[in-house]
Each structure stands twice: as structure tokens, then as C-alpha cells.
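Printed here is my_file_25.cif (mmCIF, N, CA and C atoms and all ligand atoms):
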```cif
data_work
#
loop_
_atom_site.label_atom_id
_atom_site.label_comp_id
_atom_site.auth_asym_id
_atom_site.auth_seq_id
_atom_site.Cartn_x
_atom_site.Cartn_y
_atom_site.Cartn_z
N MET A 210 75.78 118.33 96.09
CA MET A 210 76.61 118.37 97.31
C MET A 210 77.35 119.70 97.32
N SER A 211 77.29 120.42 98.42
CA SER A 211 77.77 121.80 98.40
C SER A 211 79.28 121.89 98.25
N GLN A 212 80.02 121.14 99.03
CA GLN A 212 81.47 121.28 98.98
C GLN A 212 82.13 119.91 99.15
N MET A 213 83.11 119.62 98.27
CA MET A 213 83.81 118.33 98.36
C MET A 213 85.29 118.55 98.11
N THR A 214 86.10 117.68 98.71
CA THR A 214 87.56 117.79 98.56
C THR A 214 88.10 116.61 97.79
N GLY A 215 89.33 116.79 97.26
CA GLY A 215 89.97 115.70 96.55
C GLY A 215 91.44 115.97 96.36
N ARG A 216 92.13 115.02 95.75
CA ARG A 216 93.57 115.16 95.54
C ARG A 216 94.05 114.19 94.47
N CYS A 217 95.24 114.50 93.93
CA CYS A 217 95.86 113.57 92.98
C CYS A 217 96.55 112.44 93.75
N LEU A 218 97.06 111.50 93.03
CA LEU A 218 97.66 110.31 93.64
C LEU A 218 98.82 110.67 94.57
N CYS A 219 99.69 111.60 94.16
CA CYS A 219 100.88 111.94 94.98
C CYS A 219 100.58 113.04 95.98
N GLU A 220 99.40 113.61 95.93
CA GLU A 220 98.94 114.64 96.86
C GLU A 220 99.62 116.00 96.68
N ALA A 221 100.35 116.18 95.58
CA ALA A 221 100.91 117.50 95.28
C ALA A 221 99.79 118.49 94.95
N VAL A 222 98.73 118.01 94.34
CA VAL A 222 97.58 118.85 93.99
C VAL A 222 96.39 118.41 94.85
N THR A 223 95.81 119.36 95.56
CA THR A 223 94.58 119.11 96.31
C THR A 223 93.56 120.17 95.90
N PHE A 224 92.30 119.92 96.16
CA PHE A 224 91.30 120.91 95.76
C PHE A 224 90.05 120.83 96.62
N THR A 225 89.31 121.93 96.59
CA THR A 225 87.97 121.99 97.17
C THR A 225 87.03 122.45 96.07
N ALA A 226 86.01 121.67 95.81
CA ALA A 226 85.04 121.99 94.76
C ALA A 226 83.72 122.41 95.40
N GLU A 227 83.07 123.40 94.78
CA GLU A 227 81.79 123.91 95.28
C GLU A 227 80.66 123.46 94.36
N GLU A 228 79.52 123.19 94.95
CA GLU A 228 78.30 122.82 94.22
C GLU A 228 78.58 121.72 93.20
N VAL A 229 78.97 120.59 93.74
CA VAL A 229 79.33 119.43 92.92
C VAL A 229 78.07 118.70 92.49
N GLN A 230 77.94 118.50 91.18
CA GLN A 230 76.76 117.78 90.66
C GLN A 230 77.06 116.28 90.73
N THR A 231 76.56 115.66 91.79
CA THR A 231 76.97 114.28 92.09
C THR A 231 76.36 113.26 91.13
N HIS A 232 75.29 113.63 90.44
CA HIS A 232 74.75 112.74 89.40
C HIS A 232 75.51 113.05 88.11
N HIS A 233 76.18 112.08 87.55
CA HIS A 233 77.10 112.36 86.45
C HIS A 233 77.04 111.27 85.39
N HIS A 234 77.69 111.56 84.26
CA HIS A 234 77.73 110.63 83.15
C HIS A 234 79.13 110.03 83.00
N ALA A 235 79.21 108.98 82.22
CA ALA A 235 80.49 108.43 81.79
C ALA A 235 80.61 108.68 80.29
N CYS A 236 81.81 109.10 79.85
CA CYS A 236 82.04 109.37 78.43
C CYS A 236 82.96 108.32 77.84
N HIS A 237 82.48 107.70 76.77
CA HIS A 237 83.26 106.64 76.11
C HIS A 237 84.03 107.14 74.89
N CYS A 238 84.12 108.47 74.70
CA CYS A 238 84.79 108.96 73.48
C CYS A 238 86.27 108.57 73.48
N GLY A 239 86.86 108.57 72.31
CA GLY A 239 88.25 108.12 72.17
C GLY A 239 89.23 108.97 72.95
N MET A 240 88.97 110.28 73.05
CA MET A 240 89.88 111.16 73.80
C MET A 240 89.83 110.84 75.29
N CYS A 241 88.62 110.71 75.82
CA CYS A 241 88.50 110.38 77.25
C CYS A 241 89.11 109.02 77.54
N ARG A 242 88.87 108.06 76.64
CA ARG A 242 89.40 106.71 76.87
C ARG A 242 90.91 106.71 76.94
N ARG A 243 91.56 107.40 76.00
CA ARG A 243 93.03 107.44 76.03
C ARG A 243 93.54 108.17 77.25
N TRP A 244 92.85 109.26 77.61
CA TRP A 244 93.35 110.11 78.69
C TRP A 244 93.18 109.44 80.05
N MET A 245 92.04 108.73 80.24
CA MET A 245 91.75 108.10 81.53
C MET A 245 92.23 106.65 81.58
N GLY A 246 92.39 106.04 80.42
CA GLY A 246 92.65 104.60 80.38
C GLY A 246 91.37 103.81 80.17
N THR A 247 90.24 104.44 80.48
CA THR A 247 88.93 103.84 80.24
C THR A 247 87.93 104.99 80.15
N ALA A 248 86.64 104.75 80.27
CA ALA A 248 85.66 105.84 80.19
C ALA A 248 85.95 106.89 81.25
N MET A 249 85.67 108.16 80.93
CA MET A 249 85.84 109.21 81.92
C MET A 249 84.52 109.52 82.60
N MET A 250 84.55 109.57 83.91
CA MET A 250 83.41 110.06 84.68
C MET A 250 83.74 111.46 85.14
N GLY A 251 83.20 112.44 84.43
CA GLY A 251 83.47 113.84 84.75
C GLY A 251 82.33 114.42 85.57
N VAL A 252 82.69 115.09 86.65
CA VAL A 252 81.71 115.61 87.60
C VAL A 252 81.71 117.14 87.52
N ALA A 253 80.57 117.70 87.10
CA ALA A 253 80.47 119.15 86.94
C ALA A 253 80.52 119.84 88.31
N CYS A 254 81.35 120.90 88.38
CA CYS A 254 81.49 121.66 89.63
C CYS A 254 81.31 123.14 89.30
N LYS A 255 80.65 123.86 90.20
CA LYS A 255 80.45 125.29 89.95
C LYS A 255 81.79 126.02 89.99
N SER A 256 82.61 125.73 90.98
CA SER A 256 83.93 126.33 91.05
C SER A 256 84.87 125.37 91.78
N VAL A 257 86.16 125.51 91.50
CA VAL A 257 87.16 124.63 92.12
C VAL A 257 88.33 125.49 92.58
N ARG A 258 88.74 125.30 93.82
CA ARG A 258 89.90 126.00 94.38
C ARG A 258 91.02 124.99 94.57
N PHE A 259 92.15 125.24 93.92
CA PHE A 259 93.26 124.29 93.98
C PHE A 259 94.34 124.74 94.93
N ALA A 260 95.06 123.78 95.52
CA ALA A 260 96.34 124.04 96.16
C ALA A 260 97.37 123.18 95.43
N GLY A 261 98.60 123.68 95.31
CA GLY A 261 99.61 122.97 94.53
C GLY A 261 99.42 123.15 93.04
N GLU A 262 98.83 124.29 92.68
CA GLU A 262 98.50 124.57 91.28
C GLU A 262 99.72 124.54 90.36
N ASP A 263 100.91 124.80 90.93
CA ASP A 263 102.16 124.75 90.16
C ASP A 263 102.35 123.39 89.49
N HIS A 264 101.74 122.36 90.07
CA HIS A 264 101.93 121.01 89.53
C HIS A 264 100.85 120.61 88.54
N ILE A 265 99.92 121.53 88.24
CA ILE A 265 98.90 121.21 87.24
C ILE A 265 99.42 121.58 85.86
N ARG A 266 99.47 120.62 84.98
CA ARG A 266 99.81 120.87 83.58
C ARG A 266 98.52 120.83 82.78
N ILE A 267 98.45 121.68 81.76
CA ILE A 267 97.25 121.78 80.93
C ILE A 267 97.55 121.23 79.54
N TYR A 268 96.68 120.36 79.07
CA TYR A 268 96.75 119.88 77.69
C TYR A 268 95.54 120.41 76.94
N GLU A 269 95.79 121.08 75.81
CA GLU A 269 94.71 121.61 74.98
C GLU A 269 94.20 120.45 74.13
N SER A 270 93.15 119.78 74.59
CA SER A 270 92.72 118.56 73.90
C SER A 270 91.83 118.84 72.70
N SER A 271 91.24 120.04 72.64
CA SER A 271 90.42 120.41 71.49
C SER A 271 90.30 121.92 71.48
N ASP A 272 89.59 122.45 70.48
CA ASP A 272 89.38 123.90 70.42
C ASP A 272 88.54 124.39 71.59
N TRP A 273 87.72 123.51 72.16
CA TRP A 273 86.76 123.93 73.17
C TRP A 273 87.09 123.46 74.59
N ALA A 274 88.11 122.63 74.73
CA ALA A 274 88.37 122.10 76.08
C ALA A 274 89.84 121.88 76.37
N GLN A 275 90.16 121.95 77.65
CA GLN A 275 91.49 121.63 78.15
C GLN A 275 91.36 120.48 79.14
N ARG A 276 92.46 119.75 79.31
CA ARG A 276 92.50 118.70 80.33
C ARG A 276 93.69 118.96 81.23
N GLY A 277 93.46 118.88 82.52
CA GLY A 277 94.50 119.17 83.50
C GLY A 277 94.96 117.91 84.21
N PHE A 278 96.30 117.82 84.41
CA PHE A 278 96.84 116.63 85.09
C PHE A 278 98.00 117.03 85.98
N CYS A 279 98.35 116.18 86.92
CA CYS A 279 99.46 116.44 87.83
C CYS A 279 100.77 116.10 87.13
N ASP A 280 101.74 117.03 87.18
CA ASP A 280 103.00 116.79 86.46
C ASP A 280 103.96 115.88 87.24
N LEU A 281 103.58 115.48 88.43
CA LEU A 281 104.42 114.54 89.20
C LEU A 281 103.92 113.11 89.08
N CYS A 282 102.63 112.91 89.27
CA CYS A 282 102.10 111.53 89.29
C CYS A 282 101.24 111.20 88.07
N GLY A 283 100.88 112.21 87.27
CA GLY A 283 100.12 111.94 86.04
C GLY A 283 98.63 111.78 86.23
N THR A 284 98.13 111.98 87.44
CA THR A 284 96.68 111.84 87.67
C THR A 284 95.89 112.76 86.74
N SER A 285 94.88 112.21 86.09
CA SER A 285 93.96 112.98 85.25
C SER A 285 92.99 113.72 86.17
N LEU A 286 93.15 115.04 86.28
CA LEU A 286 92.40 115.80 87.29
C LEU A 286 91.06 116.32 86.77
N PHE A 287 91.08 116.97 85.58
CA PHE A 287 89.84 117.59 85.13
C PHE A 287 89.81 117.84 83.63
N TYR A 288 88.57 117.97 83.17
CA TYR A 288 88.23 118.46 81.84
C TYR A 288 87.67 119.85 82.06
N LEU A 289 88.19 120.84 81.35
CA LEU A 289 87.72 122.23 81.51
C LEU A 289 87.08 122.70 80.21
N PHE A 290 85.80 123.06 80.29
CA PHE A 290 85.08 123.55 79.12
C PHE A 290 85.37 125.04 79.00
N LYS A 291 86.10 125.43 77.93
CA LYS A 291 86.66 126.77 77.86
C LYS A 291 85.59 127.87 77.77
N ALA A 292 84.49 127.59 77.08
CA ALA A 292 83.46 128.62 76.86
C ALA A 292 82.88 129.13 78.18
N THR A 293 82.76 128.23 79.16
CA THR A 293 82.14 128.62 80.44
C THR A 293 83.15 128.63 81.58
N GLY A 294 84.34 128.06 81.36
CA GLY A 294 85.32 127.95 82.44
C GLY A 294 84.94 126.90 83.47
N GLN A 295 83.97 126.06 83.12
CA GLN A 295 83.52 125.06 84.09
C GLN A 295 84.43 123.84 84.13
N HIS A 296 84.75 123.43 85.35
CA HIS A 296 85.54 122.22 85.56
C HIS A 296 84.63 120.99 85.66
N PHE A 297 85.01 119.93 84.99
CA PHE A 297 84.43 118.60 85.20
C PHE A 297 85.55 117.78 85.82
N MET A 298 85.51 117.64 87.14
CA MET A 298 86.58 116.92 87.83
C MET A 298 86.41 115.42 87.59
N SER A 299 87.53 114.71 87.47
CA SER A 299 87.46 113.25 87.40
C SER A 299 86.83 112.75 88.69
N ARG A 300 85.85 111.92 88.57
CA ARG A 300 85.18 111.42 89.78
C ARG A 300 86.17 110.76 90.74
N GLY A 301 87.12 110.03 90.19
CA GLY A 301 88.02 109.25 91.03
C GLY A 301 88.94 110.05 91.93
N VAL A 302 89.11 111.35 91.67
CA VAL A 302 90.03 112.15 92.50
C VAL A 302 89.36 112.71 93.75
N PHE A 303 88.04 112.54 93.88
CA PHE A 303 87.38 113.01 95.10
C PHE A 303 87.64 112.04 96.25
N ASP A 304 87.78 112.61 97.46
CA ASP A 304 88.07 111.79 98.64
C ASP A 304 86.90 110.89 99.01
N ASP A 305 85.69 111.42 98.90
CA ASP A 305 84.49 110.67 99.29
C ASP A 305 83.75 110.25 98.02
N GLN A 306 83.65 108.96 97.79
CA GLN A 306 82.99 108.46 96.59
C GLN A 306 81.51 108.17 96.83
N THR A 307 81.07 108.23 98.08
CA THR A 307 79.71 107.77 98.39
C THR A 307 78.59 108.67 97.86
N PRO A 308 78.80 110.01 97.68
CA PRO A 308 77.66 110.82 97.21
C PRO A 308 77.37 110.64 95.72
N PHE A 309 78.24 110.00 94.98
CA PHE A 309 78.11 110.00 93.52
C PHE A 309 77.12 108.96 93.03
N ARG A 310 76.54 109.27 91.87
CA ARG A 310 75.65 108.31 91.22
C ARG A 310 75.83 108.44 89.71
N LEU A 311 76.25 107.35 89.09
CA LEU A 311 76.37 107.30 87.63
C LEU A 311 74.97 107.15 87.05
N VAL A 312 74.55 108.15 86.24
CA VAL A 312 73.17 108.13 85.74
C VAL A 312 73.07 107.89 84.24
N GLY A 313 74.20 108.04 83.53
CA GLY A 313 74.11 107.85 82.08
C GLY A 313 75.47 107.71 81.44
N GLU A 314 75.42 107.36 80.14
CA GLU A 314 76.63 107.19 79.36
C GLU A 314 76.48 107.97 78.06
N ILE A 315 77.57 108.56 77.60
CA ILE A 315 77.56 109.25 76.31
C ILE A 315 78.65 108.67 75.42
N TYR A 316 78.51 108.91 74.11
CA TYR A 316 79.41 108.33 73.11
C TYR A 316 79.42 106.80 73.19
N VAL A 317 78.23 106.22 73.42
CA VAL A 317 78.16 104.77 73.57
C VAL A 317 78.53 104.04 72.28
N ASP A 318 78.45 104.74 71.15
CA ASP A 318 78.84 104.10 69.89
C ASP A 318 80.37 103.99 69.78
N HIS A 319 81.10 104.57 70.73
CA HIS A 319 82.57 104.43 70.75
C HIS A 319 83.04 103.48 71.85
N GLN A 320 82.09 102.89 72.56
CA GLN A 320 82.42 102.04 73.69
C GLN A 320 83.01 100.71 73.22
N PRO A 321 84.11 100.24 73.82
CA PRO A 321 84.60 98.91 73.47
C PRO A 321 83.53 97.86 73.80
N PRO A 322 83.44 96.81 73.00
CA PRO A 322 82.31 95.88 73.14
C PRO A 322 82.39 94.94 74.34
N ASP A 323 83.53 94.86 75.01
CA ASP A 323 83.70 93.79 76.01
C ASP A 323 83.41 94.21 77.45
N TYR A 324 83.08 95.49 77.69
CA TYR A 324 82.70 95.84 79.06
C TYR A 324 81.53 96.81 79.03
N ALA A 325 80.80 96.85 80.14
CA ALA A 325 79.62 97.72 80.23
C ALA A 325 79.34 98.04 81.69
N PHE A 326 78.86 99.26 81.95
CA PHE A 326 78.45 99.62 83.31
C PHE A 326 77.08 99.01 83.60
N ALA A 327 76.90 98.59 84.84
CA ALA A 327 75.63 97.99 85.25
C ALA A 327 74.63 99.08 85.60
N GLY A 328 73.38 98.72 85.65
CA GLY A 328 72.35 99.63 86.10
C GLY A 328 71.53 100.19 84.97
N ASP A 329 70.49 100.91 85.35
CA ASP A 329 69.55 101.47 84.39
C ASP A 329 70.03 102.87 84.01
N LEU A 330 70.90 102.97 83.01
CA LEU A 330 71.54 104.24 82.66
C LEU A 330 71.00 104.76 81.34
N SER A 331 70.89 106.09 81.23
CA SER A 331 70.57 106.67 79.93
C SER A 331 71.79 106.48 79.03
N ARG A 332 71.54 106.24 77.75
CA ARG A 332 72.66 105.98 76.83
C ARG A 332 72.48 106.82 75.58
N MET A 333 73.53 107.60 75.24
CA MET A 333 73.47 108.45 74.06
C MET A 333 74.68 108.21 73.16
N THR A 334 74.41 108.15 71.86
CA THR A 334 75.51 108.07 70.90
C THR A 334 76.13 109.45 70.76
N GLU A 335 77.25 109.52 70.04
CA GLU A 335 77.89 110.81 69.77
C GLU A 335 76.90 111.77 69.10
N ALA A 336 76.20 111.28 68.07
CA ALA A 336 75.27 112.14 67.33
C ALA A 336 74.13 112.62 68.23
N GLU A 337 73.60 111.74 69.05
CA GLU A 337 72.52 112.13 69.97
C GLU A 337 72.99 113.16 70.99
N PHE A 338 74.20 112.96 71.48
CA PHE A 338 74.74 113.88 72.47
C PHE A 338 74.95 115.27 71.85
N LEU A 339 75.55 115.31 70.67
CA LEU A 339 75.84 116.61 70.04
C LEU A 339 74.56 117.31 69.60
N ALA A 340 73.54 116.55 69.24
CA ALA A 340 72.27 117.15 68.80
C ALA A 340 71.61 117.95 69.93
N GLN A 341 71.84 117.56 71.17
CA GLN A 341 71.32 118.31 72.33
C GLN A 341 71.75 119.77 72.28
N PHE A 342 73.01 119.98 71.94
CA PHE A 342 73.56 121.34 71.97
C PHE A 342 73.07 122.16 70.79
N GLU A 343 72.89 121.49 69.67
CA GLU A 343 72.36 122.21 68.50
C GLU A 343 70.98 122.76 68.78
N LYS A 344 70.18 121.96 69.48
CA LYS A 344 68.81 122.39 69.82
C LYS A 344 68.81 123.58 70.77
N SER A 345 69.71 123.54 71.75
CA SER A 345 69.67 124.57 72.79
C SER A 345 70.28 125.90 72.33
N GLU A 346 70.93 125.91 71.19
CA GLU A 346 71.57 127.15 70.73
C GLU A 346 70.60 128.07 69.99
ZN ZN B 401 100.19 114.21 91.77
ZN ZN B 402 84.82 112.05 76.19
#
```

Go ahead and render the structure in this file as C-alpha cells.
Ligand SMILES: [Zn+2]
Ligand SMILES: [Zn+2]
Amino acid sequence: MSQMTGRCLCEAVTFTAEEVQTHHHACHCGMCRRWMGTAMMGVACKSVRFAGEDHIRIYESSDWAQRGFCDLCGTSLFYLFKATGQHFMSRGVFDDQTPFRLVGEIYVDHQPPDYAFAGDLSRMTEAEFLAQFEKSE
């Protein structure tokens, strides 16, 4: 999808994202779970233009990534991969949810046992997910 808009809960932060990859994964890792309250559905975007950027706070969640949230309402806005500067916007902050399609899950070995997403999804453990990057390097 070429261009999509979104906002945080209190609307202090709004954004326009370009070249949104509407087919996305859910991450069950412990960091995403704590940060989102449940699995994170991060949507890769080529670029993101924000308004109300003063209200975005950055948390350095690891050596390789930052997480951005609204300092007024606490909405989890994005995961930013530092090496490429690419934003993975939280799916839930987009205004239009209809273009999205959940196609897979990662870190399934960290998933709590009592809930599961429906559908025919690809499923990767932490080790399987990380092995992808070792191969491509
Ligand atoms: Zn807000
Ligand atoms: Zn995660």
C-alpha cells in the first residue's frame, strides 16, 4: 500500500507512512509482549513522516533497536531498526485496518500457551528466526 495514515490514542502524534508492507508478522518475544501488552504486529514502512514529534519518546530497547511511544497517552508507536533506520509501525495505530494481513508469527517458542492467532500462518521459533539473518550475511 503506497501511503497510509495513523495516530496515537490521544492524537498528539500523527503520521503518514510510505510503501507500507501490509503483509506482516506477529512477534511473541518477551520484549514485544511487555511493551504491547501482547504480541506485537509490526508493519514495515519505507519511510514515516510524523507530526507532533515532540511527543514521541524513544526507549533504547536493545543495541539494535529503539521503540517509540507517545509521552501523553503511552501508545506504542513503532519499533525502529537502527542499522537501516526502518520503522516497523504498530499495526494498531493505522487508521485503516482493512489492507493488513497477518501472514506469520515469530518467537513462537515464547508464546503464552493459552491463546493463538487463527489462520494458516508461518511459525518460526527464536532460533529459526535468527538463523535467517545469519544465512543472509
Ligand atoms: Zn498520544
Ligand atoms: Zn518481539

Taking only N, CA and C atoms and all ligand atoms and a cut-off of 5 Å, can you tell me which residues surround ligand ZN 402 (chain B), written as a VMD selection string? chain A and resid 236 to 238 241

Tell me, in Å to one decimal, how far atom CA of A:Tyr268 is from atom CA of A:Cys254.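 Between atom CA of A:Tyr268 and atom CA of A:Cys254 the gap is 19.5 Å.
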
Find the residue from A:Tyr324, A:Phe224, A:Phe278, A:Tyr288 that sits nearest to A:Gly251; use all atoms listed in the file when measuring. A:Tyr288

Could you give me, as a PyMOL selection string, the residues within 8 Å of A:Val302, counting only C-alpha atoms and dropping anything in the same chain fewer than 4 positions from it? chain A and resi 215-218+286+298

For A:Thr225, list every protein, DNA or RNA residue within 6 Å, evaluated using all atoms listed in the file, and leave out those in the same chain fewer than 5 positions away; present the list as a ChimeraX atom specification. /A:213-215,256-259

Considering only N, CA and C atoms and all ligand atoms, tabulate each residue of chain A that lies at most 6.5 Å from ligand ZN 401 (chain B) along with its nearest interatomic pair and the corresponding distance in Å to one decimal; arrange the rows by chain and ascending residue number and present them as a Markdown table.
```
| residue | atom | partner | partner_atom | distance |
| --- | --- | --- | --- | --- |
| A:Cys217 | C | B:ZN401 | ZN | 4.5 |
| A:Leu218 | N | B:ZN401 | ZN | 4.3 |
| A:Cys219 | N | B:ZN401 | ZN | 3.6 |
| A:Glu220 | N | B:ZN401 | ZN | 4.3 |
| A:Ala221 | N | B:ZN401 | ZN | 4.3 |
| A:Val222 | N | B:ZN401 | ZN | 4.8 |
| A:Cys279 | CA | B:ZN401 | ZN | 4.6 |
| A:Asp280 | N | B:ZN401 | ZN | 5.6 |
| A:Leu281 | C | B:ZN401 | ZN | 4.7 |
| A:Cys282 | N | B:ZN401 | ZN | 3.7 |
| A:Gly283 | N | B:ZN401 | ZN | 5.0 |
| A:Thr284 | N | B:ZN401 | ZN | 5.3 |
```

Can you list every residue in chain A that DSSP puts in strand (DSSP E), as a ChimeraX atom specification? /A:212-216,223-229,232-236,249-260,265-269,274-279,285-290,295-299,310-315,331-333

Here atom C of A:Ser299 and atom N of A:Ser270 stand apart by 17.0 Å

Report as AutoDock Vina command-line options the centre and the edge lengths, in Å to one decimal, of the axis-aligned box holding every listed atom of stretch 315-327 of chain A, padded by 4 Å on each side.
```
--center_x 79.6 --center_y 101.5 --center_z 77.7 --size_x 18.0 --size_y 23.5 --size_z 23.8
```

Using only C-alpha atoms: which of A:Arg310, A:Arg300, A:Ala292, A:Met240 has the shortest distance to A:Arg276: A:Met240

Measuring between only N, CA and C atoms, which one of A:Gly313, A:Ser285, A:Phe342, A:Gln230 shows the shortest distance to A:Gly301?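 Smallest distance to A:Gly301 is found for A:Ser285.
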